[in-house]
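One file, data-v4.txt, carrying compact mmCIF, C-alpha atoms and all ligand atoms:
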```
# COMPACT_ATOMS: atom_id res chain seq x y z
CA THR A 1 -1.30 32.22 -1.13
CA TRP A 2 -1.26 35.15 1.25
CA ASN A 3 -4.55 36.46 -0.11
CA ASN A 4 -5.78 36.96 3.41
CA VAL A 5 -2.79 38.98 4.60
CA PRO A 6 -4.08 42.42 5.56
CA LEU A 7 -2.06 45.52 4.78
CA ALA A 8 -0.29 46.75 7.91
CA PRO A 9 0.02 50.44 8.67
CA GLU A 10 3.49 51.91 8.32
CA ASP A 11 5.46 52.56 11.50
CA SER A 12 4.35 55.98 12.68
CA ILE A 13 7.84 57.20 13.60
CA PHE A 14 9.85 55.88 10.66
CA LYS A 15 7.14 56.95 8.21
CA LEU A 16 7.81 60.53 9.29
CA THR A 17 11.50 60.16 8.41
CA ALA A 18 10.64 58.77 4.98
CA THR A 19 8.13 61.55 4.24
CA TYR A 20 10.58 64.18 5.46
CA LYS A 21 13.29 62.82 3.17
CA VAL A 22 11.24 63.22 -0.01
CA ASP A 23 9.83 66.62 0.98
CA THR A 24 11.49 69.28 -1.21
CA PHE A 25 10.44 72.29 0.90
CA PRO A 26 13.66 74.13 1.79
CA GLN A 27 12.75 74.94 5.40
CA LYS A 28 11.46 71.47 6.28
CA VAL A 29 12.24 70.30 9.82
CA ASN A 30 12.34 66.74 11.15
CA LEU A 31 11.35 66.54 14.81
CA GLY A 32 10.10 62.97 14.48
CA VAL A 33 12.52 60.16 15.23
CA GLY A 34 14.67 60.38 18.35
CA ALA A 35 18.05 60.67 16.68
CA TYR A 36 20.64 63.29 17.56
CA ARG A 37 21.52 65.96 15.01
CA ASP A 38 24.22 68.61 15.23
CA ASP A 39 23.58 72.32 14.83
CA ASN A 40 23.63 71.85 11.03
CA SER A 41 20.89 69.18 11.15
CA LYS A 42 23.48 66.50 10.36
CA PRO A 43 23.92 63.12 12.06
CA TRP A 44 26.89 63.28 14.42
CA VAL A 45 29.51 60.56 14.53
CA LEU A 46 30.87 60.95 18.05
CA PRO A 47 34.63 61.73 18.09
CA VAL A 48 35.05 58.85 20.56
CA ILE A 49 33.45 56.47 18.05
CA LYS A 50 35.83 57.71 15.35
CA ALA A 51 38.76 57.02 17.69
CA ALA A 52 37.47 53.58 18.67
CA SER A 53 36.77 52.69 15.01
CA GLN A 54 40.34 53.64 14.13
CA ALA A 55 41.67 51.43 16.93
CA LEU A 56 39.57 48.51 15.70
CA PHE A 57 40.69 49.07 12.14
CA ASN A 58 44.33 48.95 13.24
CA ASP A 59 43.94 45.80 15.31
CA PRO A 60 45.61 42.96 13.38
CA ASN A 61 44.04 40.29 15.59
CA LEU A 62 40.41 40.91 14.78
CA ASP A 63 38.50 38.26 12.90
CA HIS A 64 34.87 37.55 12.11
CA GLU A 65 34.40 34.44 14.19
CA TYR A 66 31.19 33.93 16.17
CA LEU A 67 30.86 35.74 19.47
CA PRO A 68 29.71 33.71 22.47
CA ILE A 69 25.89 33.35 22.47
CA THR A 70 25.52 35.81 25.36
CA GLY A 71 27.81 38.33 23.68
CA LEU A 72 31.27 39.84 23.97
CA PRO A 73 32.26 39.46 27.64
CA GLU A 74 34.23 42.76 27.81
CA PHE A 75 31.15 44.50 26.50
CA THR A 76 28.55 42.91 28.76
CA SER A 77 30.62 43.37 31.92
CA GLY A 78 31.42 47.01 31.06
CA ALA A 79 27.78 47.66 30.18
CA ALA A 80 26.65 46.26 33.54
CA ARG A 81 29.09 48.53 35.41
CA LEU A 82 27.89 51.50 33.39
CA ILE A 83 24.24 51.13 34.29
CA LEU A 84 24.47 49.53 37.75
CA GLY A 85 27.57 51.41 38.90
CA GLY A 86 31.15 50.24 39.40
CA ASP A 87 30.39 49.78 43.11
CA SER A 88 27.11 47.93 42.60
CA PRO A 89 26.45 45.43 45.40
CA ALA A 90 24.68 43.16 42.90
CA ILE A 91 27.77 43.01 40.66
CA ALA A 92 30.07 42.46 43.66
CA GLU A 93 27.83 39.61 44.82
CA ASN A 94 27.95 38.14 41.34
CA ARG A 95 24.19 38.01 40.91
CA VAL A 96 23.76 40.05 37.75
CA CYS A 97 23.24 38.25 34.50
CA SER A 98 24.13 40.41 31.46
CA VAL A 99 23.46 39.40 27.90
CA GLN A 100 24.23 41.29 24.67
CA THR A 101 21.14 42.19 22.65
CA ILE A 102 20.07 43.77 19.38
CA SER A 103 20.02 47.27 20.88
CA GLY A 104 17.33 48.35 23.33
CA THR A 105 14.51 46.86 21.27
CA GLY A 106 16.21 43.46 21.38
CA ALA A 107 16.73 43.83 25.13
CA ASN A 108 13.05 44.62 25.61
CA HIS A 109 12.13 41.65 23.46
CA LEU A 110 14.46 39.23 25.22
CA GLY A 111 13.36 40.49 28.63
CA ALA A 112 9.71 40.17 27.67
CA LEU A 113 10.25 36.70 26.18
CA PHE A 114 12.06 35.58 29.33
CA LEU A 115 9.22 36.88 31.50
CA SER A 116 6.66 35.21 29.29
CA ARG A 117 8.43 31.88 29.76
CA PHE A 118 9.53 32.05 33.37
CA TYR A 119 7.86 34.82 35.38
CA ASP A 120 5.41 33.65 38.00
CA PHE A 121 2.53 35.86 36.87
CA ASN A 122 -0.17 36.24 39.47
CA GLY A 123 -2.96 35.51 36.98
CA PRO A 124 -2.91 36.36 33.27
CA LYS A 125 0.33 37.42 31.59
CA GLN A 126 0.21 41.20 31.75
CA VAL A 127 2.55 44.15 31.84
CA TYR A 128 1.76 47.70 32.92
CA LEU A 129 3.10 50.36 30.57
CA SER A 130 3.09 54.09 31.23
CA ASP A 131 0.40 56.04 29.43
CA PRO A 132 1.85 57.25 27.13
CA THR A 133 4.92 55.21 26.24
CA TRP A 134 7.10 54.36 23.24
CA ALA A 135 4.56 52.79 20.85
CA ASN A 136 6.79 49.80 20.17
CA HIS A 137 6.47 48.60 23.78
CA PHE A 138 2.92 47.43 23.06
CA ALA A 139 3.98 45.38 20.04
CA ILE A 140 7.00 43.88 21.78
CA PHE A 141 4.97 42.49 24.69
CA ARG A 142 2.07 41.34 22.50
CA ASN A 143 4.55 39.43 20.33
CA VAL A 144 5.44 37.21 23.27
CA GLY A 145 1.89 36.75 24.56
CA ILE A 146 1.98 39.35 27.35
CA ASP A 147 -1.00 41.65 27.40
CA PRO A 148 -0.06 45.34 27.75
CA LEU A 149 -2.15 47.41 30.17
CA THR A 150 -1.43 51.03 30.99
CA TYR A 151 -0.99 53.10 34.11
CA LYS A 152 -1.56 56.84 34.30
CA TYR A 153 1.78 58.61 34.08
CA TYR A 154 1.25 61.97 32.48
CA ASP A 155 -1.09 64.76 33.48
CA PRO A 156 -2.10 66.89 30.48
CA LYS A 157 -3.23 69.68 32.79
CA THR A 158 0.21 70.22 34.31
CA ILE A 159 2.11 68.66 31.37
CA GLY A 160 3.95 66.85 34.15
CA LEU A 161 3.92 63.61 36.15
CA ALA A 162 0.57 62.27 37.37
CA CYS A 163 2.34 60.99 40.46
CA ASP A 164 -0.69 60.28 42.65
CA GLU A 165 -2.43 58.30 39.92
CA PHE A 166 0.78 56.41 39.18
CA LEU A 167 1.15 55.48 42.85
CA ALA A 168 -2.52 54.51 43.00
CA ALA A 169 -2.02 52.20 40.00
CA LEU A 170 0.92 50.53 41.76
CA ALA A 171 -1.18 50.07 44.88
CA SER A 172 -4.20 48.61 43.11
CA ALA A 173 -2.44 46.25 40.67
CA PRO A 174 -2.39 42.58 41.72
CA ASP A 175 0.68 41.53 43.74
CA ARG A 176 3.78 40.70 41.69
CA SER A 177 2.64 42.72 38.67
CA VAL A 178 5.25 43.75 36.10
CA PHE A 179 5.68 47.52 35.62
CA LEU A 180 7.70 48.91 32.75
CA LEU A 181 9.59 52.01 33.92
CA HIS A 182 11.64 54.41 31.80
CA ALA A 183 14.92 54.73 33.70
CA CYS A 184 15.43 58.34 32.61
CA ALA A 185 14.39 60.77 29.86
CA HIS A 186 10.90 59.31 29.51
CA ASN A 187 9.86 58.70 25.90
CA PRO A 188 7.65 60.42 24.71
CA THR A 189 6.97 62.95 27.47
CA GLY A 190 10.41 64.00 28.74
CA VAL A 191 8.80 63.92 32.21
CA ASP A 192 10.76 61.99 34.84
CA PRO A 193 9.90 61.38 38.50
CA THR A 194 12.01 63.31 41.01
CA ARG A 195 14.25 61.28 43.32
CA GLU A 196 11.69 61.60 46.05
CA GLN A 197 8.98 60.32 43.72
CA TRP A 198 11.20 57.43 42.62
CA ASN A 199 11.50 56.48 46.27
CA GLN A 200 7.73 56.49 46.64
CA ILE A 201 7.50 54.30 43.53
CA ALA A 202 10.08 51.90 45.01
CA ASP A 203 8.13 51.78 48.31
CA ALA A 204 4.95 50.87 46.45
CA MET A 205 6.73 48.26 44.33
CA LEU A 206 8.29 46.62 47.38
CA GLN A 207 5.03 46.63 49.24
CA LYS A 208 3.26 44.73 46.46
CA GLY A 209 6.19 42.60 45.32
CA HIS A 210 6.01 44.13 41.83
CA TYR A 211 8.68 43.51 39.22
CA ALA A 212 10.47 46.52 37.69
CA PHE A 213 11.13 46.19 33.97
CA PHE A 214 13.44 49.17 33.36
CA ASP A 215 13.98 50.47 29.86
CA CYS A 216 17.06 52.68 29.67
CA ALA A 217 17.58 54.07 26.19
CA TYR A 218 18.91 57.52 27.10
CA GLN A 219 21.54 57.18 29.83
CA GLY A 220 23.55 60.41 29.62
CA PHE A 221 20.97 62.22 27.54
CA ALA A 222 18.84 63.43 30.39
CA SER A 223 21.45 65.35 32.30
CA GLY A 224 24.71 64.83 30.44
CA ASP A 225 25.77 62.73 33.43
CA LEU A 226 25.92 58.95 33.00
CA ASP A 227 25.77 58.29 36.75
CA GLY A 228 23.00 60.78 37.47
CA ASP A 229 20.80 59.24 34.79
CA ALA A 230 21.30 55.75 36.26
CA TRP A 231 20.25 56.90 39.74
CA ALA A 232 16.78 55.32 39.77
CA VAL A 233 18.04 51.95 38.54
CA ARG A 234 20.83 51.88 41.13
CA GLU A 235 18.50 52.95 43.91
CA PHE A 236 16.07 50.16 43.03
CA VAL A 237 18.92 47.63 43.13
CA LYS A 238 20.04 48.99 46.50
CA ARG A 239 16.54 48.75 47.87
CA GLY A 240 16.07 45.19 46.62
CA VAL A 241 13.25 45.77 44.14
CA PRO A 242 13.20 42.73 41.82
CA MET A 243 14.20 44.01 38.40
CA LEU A 244 15.84 43.84 35.01
CA VAL A 245 17.24 46.62 32.84
CA CYS A 246 17.19 47.00 29.08
CA GLN A 247 20.09 49.12 27.85
CA SER A 248 20.69 50.75 24.51
CA PHE A 249 23.79 52.41 23.08
CA ALA A 250 21.96 53.76 20.03
CA LYS A 251 21.50 57.28 21.35
CA ASN A 252 24.26 57.86 23.87
CA ALA A 253 26.98 56.50 21.57
CA GLY A 254 25.28 57.50 18.30
CA LEU A 255 25.36 53.83 17.23
CA TYR A 256 21.79 53.66 15.92
CA SER A 257 22.39 51.21 13.10
CA GLU A 258 24.89 49.01 14.95
CA ARG A 259 22.07 47.64 17.14
CA ILE A 260 24.13 47.34 20.28
CA GLY A 261 22.50 46.89 23.67
CA ALA A 262 22.26 44.62 26.68
CA LEU A 263 19.79 43.01 29.02
CA HIS A 264 20.75 42.88 32.69
CA VAL A 265 18.72 40.69 35.03
CA VAL A 266 19.47 41.23 38.71
CA GLY A 267 19.02 37.94 40.54
CA SER A 268 18.79 37.15 44.24
CA SER A 269 21.94 34.98 44.23
CA THR A 270 24.84 33.83 42.07
CA GLU A 271 23.08 30.53 41.52
CA VAL A 272 19.87 32.22 40.31
CA ALA A 273 21.83 34.51 37.97
CA LYS A 274 23.58 31.47 36.52
CA ARG A 275 20.30 29.71 35.80
CA VAL A 276 18.74 32.85 34.30
CA ARG A 277 21.79 33.26 32.10
CA SER A 278 21.53 29.69 30.86
CA GLN A 279 17.92 30.27 29.78
CA LEU A 280 18.67 33.61 28.14
CA ALA A 281 21.38 31.84 26.18
CA VAL A 282 18.86 29.22 25.00
CA LEU A 283 16.40 31.93 23.92
CA THR A 284 19.10 33.94 22.17
CA ARG A 285 20.40 30.87 20.36
CA SER A 286 17.00 30.11 18.87
CA GLU A 287 16.47 33.67 17.68
CA ILE A 288 19.83 35.06 16.53
CA SER A 289 22.38 32.35 17.44
CA ASN A 290 24.95 34.94 18.48
CA PRO A 291 24.93 38.72 18.48
CA PRO A 292 26.84 40.93 16.01
CA ALA A 293 30.35 42.02 16.98
CA HIS A 294 31.10 45.46 15.60
CA GLY A 295 29.07 47.68 17.94
CA ALA A 296 30.01 45.52 20.91
CA ARG A 297 33.70 45.93 20.12
CA LEU A 298 33.38 49.71 19.80
CA VAL A 299 31.48 50.08 23.10
CA ALA A 300 33.78 47.61 24.89
CA LEU A 301 36.80 49.69 23.88
CA ILE A 302 35.17 52.85 25.22
CA LEU A 303 34.00 51.27 28.47
CA ASN A 304 37.33 49.65 29.25
CA ASN A 305 39.75 52.39 28.24
CA PRO A 306 39.86 55.35 30.67
CA GLU A 307 40.94 57.85 28.01
CA LEU A 308 38.19 56.87 25.58
CA PHE A 309 35.69 56.82 28.43
CA GLU A 310 36.55 60.44 29.32
CA GLN A 311 36.20 61.41 25.69
CA TRP A 312 32.78 59.71 25.56
CA LYS A 313 31.59 61.62 28.60
CA GLU A 314 32.61 64.83 26.89
CA ASP A 315 30.75 63.85 23.71
CA ILE A 316 27.64 63.08 25.74
CA ARG A 317 27.85 66.47 27.42
CA THR A 318 28.11 68.08 23.98
CA MET A 319 24.86 66.41 22.90
CA ALA A 320 22.99 66.96 26.15
CA SER A 321 23.99 70.60 26.46
CA ARG A 322 23.02 71.42 22.89
CA ILE A 323 19.58 69.99 23.59
CA ILE A 324 19.29 71.96 26.84
CA GLU A 325 20.27 75.16 24.96
CA MET A 326 17.52 74.48 22.43
CA ARG A 327 15.01 74.07 25.25
CA LYS A 328 15.98 77.43 26.70
CA GLU A 329 15.87 79.17 23.34
CA LEU A 330 12.50 77.69 22.42
CA TYR A 331 11.10 78.78 25.76
CA ARG A 332 12.50 82.27 25.26
CA LEU A 333 11.09 82.58 21.74
CA LEU A 334 7.62 81.42 22.75
CA THR A 335 7.30 83.43 25.93
CA GLU A 336 9.25 86.60 25.13
CA GLU A 337 9.17 87.08 21.39
CA PHE A 338 5.97 85.48 20.16
CA LYS A 339 4.09 85.72 23.45
CA THR A 340 2.39 82.47 22.53
CA PRO A 341 -0.76 81.82 24.58
CA GLY A 342 -0.38 79.16 27.29
CA THR A 343 2.42 78.22 29.66
CA TRP A 344 5.62 76.80 28.22
CA ILE A 345 7.76 76.16 31.28
CA HIS A 346 7.50 72.41 30.62
CA ILE A 347 9.78 72.88 27.61
CA VAL A 348 12.68 73.65 29.97
CA ASN A 349 11.57 71.32 32.75
CA GLN A 350 11.31 68.23 30.57
CA ILE A 351 14.37 66.08 30.13
CA GLY A 352 16.21 64.22 27.40
CA MET A 353 15.69 63.84 23.69
CA PHE A 354 11.99 64.65 23.66
CA SER A 355 9.57 67.29 24.64
CA PHE A 356 5.86 66.78 24.90
CA THR A 357 4.65 70.14 23.68
CA GLY A 358 1.03 69.73 24.71
CA LEU A 359 -0.09 70.19 21.08
CA ASN A 360 -3.08 68.04 20.16
CA ALA A 361 -3.31 65.79 17.10
CA GLU A 362 -4.89 68.47 14.86
CA GLN A 363 -2.30 71.06 15.80
CA SER A 364 0.52 68.57 15.24
CA GLN A 365 -0.91 67.61 11.86
CA ALA A 366 -1.24 71.30 10.94
CA LEU A 367 2.50 71.75 11.58
CA ILE A 368 3.22 68.89 9.21
CA ASP A 369 0.76 69.97 6.51
CA LYS A 370 1.27 73.72 6.59
CA ALA A 371 4.84 74.18 7.74
CA HIS A 372 6.62 70.93 6.70
CA ILE A 373 7.58 70.41 10.36
CA TYR A 374 7.45 66.67 11.09
CA LEU A 375 6.47 65.42 14.53
CA THR A 376 4.44 62.55 15.94
CA THR A 377 0.78 63.47 16.26
CA ASN A 378 0.85 63.03 20.04
CA GLY A 379 2.66 66.39 20.09
CA ARG A 380 6.10 64.92 20.82
CA ILE A 381 9.07 66.74 19.33
CA SER A 382 12.62 65.48 19.17
CA MET A 383 14.56 68.42 20.62
CA ALA A 384 17.64 67.20 18.76
CA GLY A 385 15.99 68.18 15.48
CA LEU A 386 16.04 71.85 16.49
CA ASN A 387 19.08 74.05 15.89
CA THR A 388 20.06 77.71 15.69
CA GLY A 389 19.05 77.74 12.02
CA ASN A 390 15.50 76.40 12.33
CA ILE A 391 14.30 77.11 15.87
CA ARG A 392 12.77 80.49 15.04
CA TYR A 393 10.87 78.99 12.10
CA PHE A 394 9.59 76.27 14.40
CA ALA A 395 8.58 78.66 17.20
CA GLU A 396 6.81 80.95 14.75
CA ASN A 397 4.77 78.08 13.33
CA LEU A 398 4.07 76.60 16.74
CA ASP A 399 2.73 79.99 17.71
CA LYS A 400 0.50 80.05 14.63
CA VAL A 401 -1.06 76.63 15.28
CA VAL A 402 -1.63 77.43 18.95
CA ARG A 403 -3.46 80.61 17.97
CA GLY A 404 -5.46 78.51 15.49
C1 LIG B 501 11.96 57.14 18.93
O1 LIG B 501 11.09 56.95 19.80
O2 LIG B 501 11.87 58.02 18.07
C2 LIG B 501 13.19 56.30 18.95
O3 LIG B 501 13.23 55.50 20.07
C3 LIG B 501 13.36 55.56 17.68
C4 LIG B 501 12.46 54.37 17.58
O4 LIG B 501 12.98 53.27 17.45
O5 LIG B 501 11.24 54.54 17.60
```
Let me see the structure of the file written as structure tokens.
Amino acid sequence: TWNNVPLAPEDSIFKLTATYKVDTFPQKVNLGVGAYRDDNSKPWVLPVIKAASQALFNDPNLDHEYLPITGLPEFTSGAARLILGGDSPAIAENRVCSVQTISGTGANHLGALFLSRFYDFNGPKQVYLSDPTWANHFAIFRNVGIDPLTYKYYDPKTIGLACDEFLAALASAPDRSVFLLHACAHNPTGVDPTREQWNQIADAMLQKGHYAFFDCAYQGFASGDLDGDAWAVREFVKRGVPMLVCQSFAKNAGLYSERIGALHVVGSSTEVAKRVRSQLAVLTRSEISNPPAHGARLVALILNNPELFEQWKEDIRTMASRIIEMRKELYRLLTEEFKTPGTWIHIVNQIGMFSFTGLNAEQSQALIDKAHIYLTTNGRISMAGLNTGNIRYFAENLDKVVRG
């Protein structure tokens, strides 16, 4: 048996982490996976998570009974307010259906599965993904029988948004197409549309009746401001673009392994939201029965307790501002100290966990092979892997590979 099973390639991002771990070179640097590190290259347990964990530990009433199929209600309602806004008209009109998921990946999967079952595709089942995007998006949609196509998003010449091509793709796609949009801190490029560009995107989506499939894995990471980073999502709700949002708490709460996230489907009425919810419950039941409790309890405490919420916002600012400092310092090193050929302003203009350096595959591979600096070969670096101790080493080696 299984003689015909082909060997699958390892996951490109997690393979980097594994290789980095066994590398014995003292100055090795991991800029691969998007996971926050403090200035000493260590994972950071957010102080608010420590406080919430303590509160859970001291709660005598906690047990390990099943959660409802759609998740912990205090979590899902708080999560909806966080992304859609406390004053969201959709929440007030009771037409948002929120379901707990296995982090952002699970939300993407459940959203894609729901679309595959119930979306009125205008022709074949297809989704438009940004080129480039998080590699896992392709696999997630293929798994549920939706064919991923791409739209032009990034312009290598400007290392910025290819806005005209993006708008042209929206205009030429068949009516009612599904477009996956990164809500903020685009992965892998760190290039986000401006508010004006978002409005143009919303115009085009409304004109064609397209469906917005938002993936929001970095709320708070882009600007340090939870509300600011949710702007596009909220604007789309306000303007009536049909949509859902996938939400992850892996990055902004440092809860990577707890797999806590949510899927929010904005419906046109209470009745629609109720029916959508009933189907999401059926799908969830057949896949995981009910979601895990620990991460949901931690996030629910934070979202529903004003003191913890303030602490969380401070923790998020700590992470976001360290990353912004690293952007500034890298830009300074490249332009002032090493006088590296090329323009590097995109390093400070890009947003969130990642920067798309503009390095090609050979240059990226040279950094791995010659300098023990791990990054994905599309030239993406996780800014969170840089710190005051390793940034000069990185800049120096970046300079070397650029000079060839
Ligand atoms: C990344 O892109 O590095 C993160 O989103 C981690 C992952 O799951 O790939």
Take atom CA of A:Pro47 and atom CA of A:Lys313 and report the distance between them in Å, one decimal. 10.9 Å
Spatial neighbours of A:His294, 8 Å, all atoms listed in the file, chain gap at least 3 places, as a ChimeraX atom specification: /A:258,297-298
Show me which residues are within 8 Å of ligand LIG 501 (chain B) counting all atoms listed in the file, and format the list as a ChimeraX atom specification. /A:13-14,32-35,105,134-136,187-188,217,382
Contacts of A:Ile91 at 8 Å (all atoms listed in the file; same-chain gap of 4+ positions) as a count of residues only: 6
Do you have the atom CA of A:Arg277-atom CA of A:Cys97 distance handy? 5.7 Å
Can you work out which one of A:Pro291, A:Pro26, A:Pro89, A:Gly261 has the shortest atom-to-atom distance to A:Phe236, counting all atoms listed in the file?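 So, comparing all the options, the nearest one is A:Pro89.
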So that I can see what lies close to stretch 221-230 of chain A, please list as a PyMOL selection string the residues with an atom at most 10 Å from it, counting only C-alpha atoms and leaving out residues fewer than 4 positions away in the same chain. chain A and resi 82-85+183-186+190+192+216-217+234-235+251-252+313-321+323-324+350-354
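Taking only C-alpha atoms, the non-local environment of stretch 59-74 of chain A within 8 Å (same-chain residues fewer than 3 positions away omitted) comprises Ala55, Leu56, Ser77, Gly78, Ser98, Val99, Gln100, Thr101, Leu280, Ala281, Thr284, Arg285, Ser289, Asn290, Pro291, Pro292, Ala293, Ala296, Arg297, Ala300 and Asn304 of chain A.
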Near-stretch 118-123 of chain A list (9 Å; only C-alpha atoms; drop same-chain fewer than 5 positions) as an MDAnalysis selection string: chainID A and resid 113 174:178
Got a minute to add N, CA and C atoms to stretch 138-154 of chain A and dump it as a CSV table (one decimal), in the coordinates of the input?
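Ended up saving to result.csv:
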```
chain,number,residue,atom,x,y,z
A,138,PHE,N,4.2,48.2,23.2
A,138,PHE,CA,2.9,47.4,23.1
A,138,PHE,C,3.2,46.2,22.2
A,139,ALA,N,3.8,46.5,21.0
A,139,ALA,CA,4.0,45.4,20.0
A,139,ALA,C,4.9,44.3,20.6
A,140,ILE,N,6.0,44.8,21.3
A,140,ILE,CA,7.0,43.9,21.8
A,140,ILE,C,6.4,42.9,22.8
A,141,PHE,N,5.6,43.4,23.7
A,141,PHE,CA,5.0,42.5,24.7
A,141,PHE,C,3.9,41.6,24.1
A,142,ARG,N,3.1,42.2,23.2
A,142,ARG,CA,2.1,41.3,22.5
A,142,ARG,C,2.7,40.2,21.7
A,143,ASN,N,3.9,40.5,21.1
A,143,ASN,CA,4.6,39.4,20.3
A,143,ASN,C,4.9,38.2,21.1
A,144,VAL,N,5.1,38.4,22.4
A,144,VAL,CA,5.4,37.2,23.3
A,144,VAL,C,4.3,36.8,24.2
A,145,GLY,N,3.1,37.2,23.8
A,145,GLY,CA,1.9,36.8,24.6
A,145,GLY,C,1.7,37.4,25.9
A,146,ILE,N,2.2,38.6,26.1
A,146,ILE,CA,2.0,39.4,27.4
A,146,ILE,C,1.1,40.5,27.0
A,147,ASP,N,0.0,40.6,27.7
A,147,ASP,CA,-1.0,41.6,27.4
A,147,ASP,C,-0.6,43.0,28.0
A,148,PRO,N,-0.4,44.1,27.2
A,148,PRO,CA,-0.1,45.3,27.8
A,148,PRO,C,-1.3,46.1,28.3
A,149,LEU,N,-1.2,46.5,29.6
A,149,LEU,CA,-2.2,47.4,30.2
A,149,LEU,C,-1.4,48.7,30.4
A,150,THR,N,-2.1,49.8,30.8
A,150,THR,CA,-1.4,51.0,31.0
A,150,THR,C,-1.7,51.6,32.4
A,151,TYR,N,-0.8,52.4,32.9
A,151,TYR,CA,-1.0,53.1,34.1
A,151,TYR,C,-0.8,54.6,33.8
A,152,LYS,N,-1.6,55.4,34.5
A,152,LYS,CA,-1.6,56.8,34.3
A,152,LYS,C,-0.2,57.4,34.7
A,153,TYR,N,0.4,58.1,33.8
A,153,TYR,CA,1.8,58.6,34.1
A,153,TYR,C,1.8,60.1,33.9
A,154,TYR,N,1.1,60.6,32.9
A,154,TYR,CA,1.2,62.0,32.5
A,154,TYR,C,0.0,62.7,32.7
```
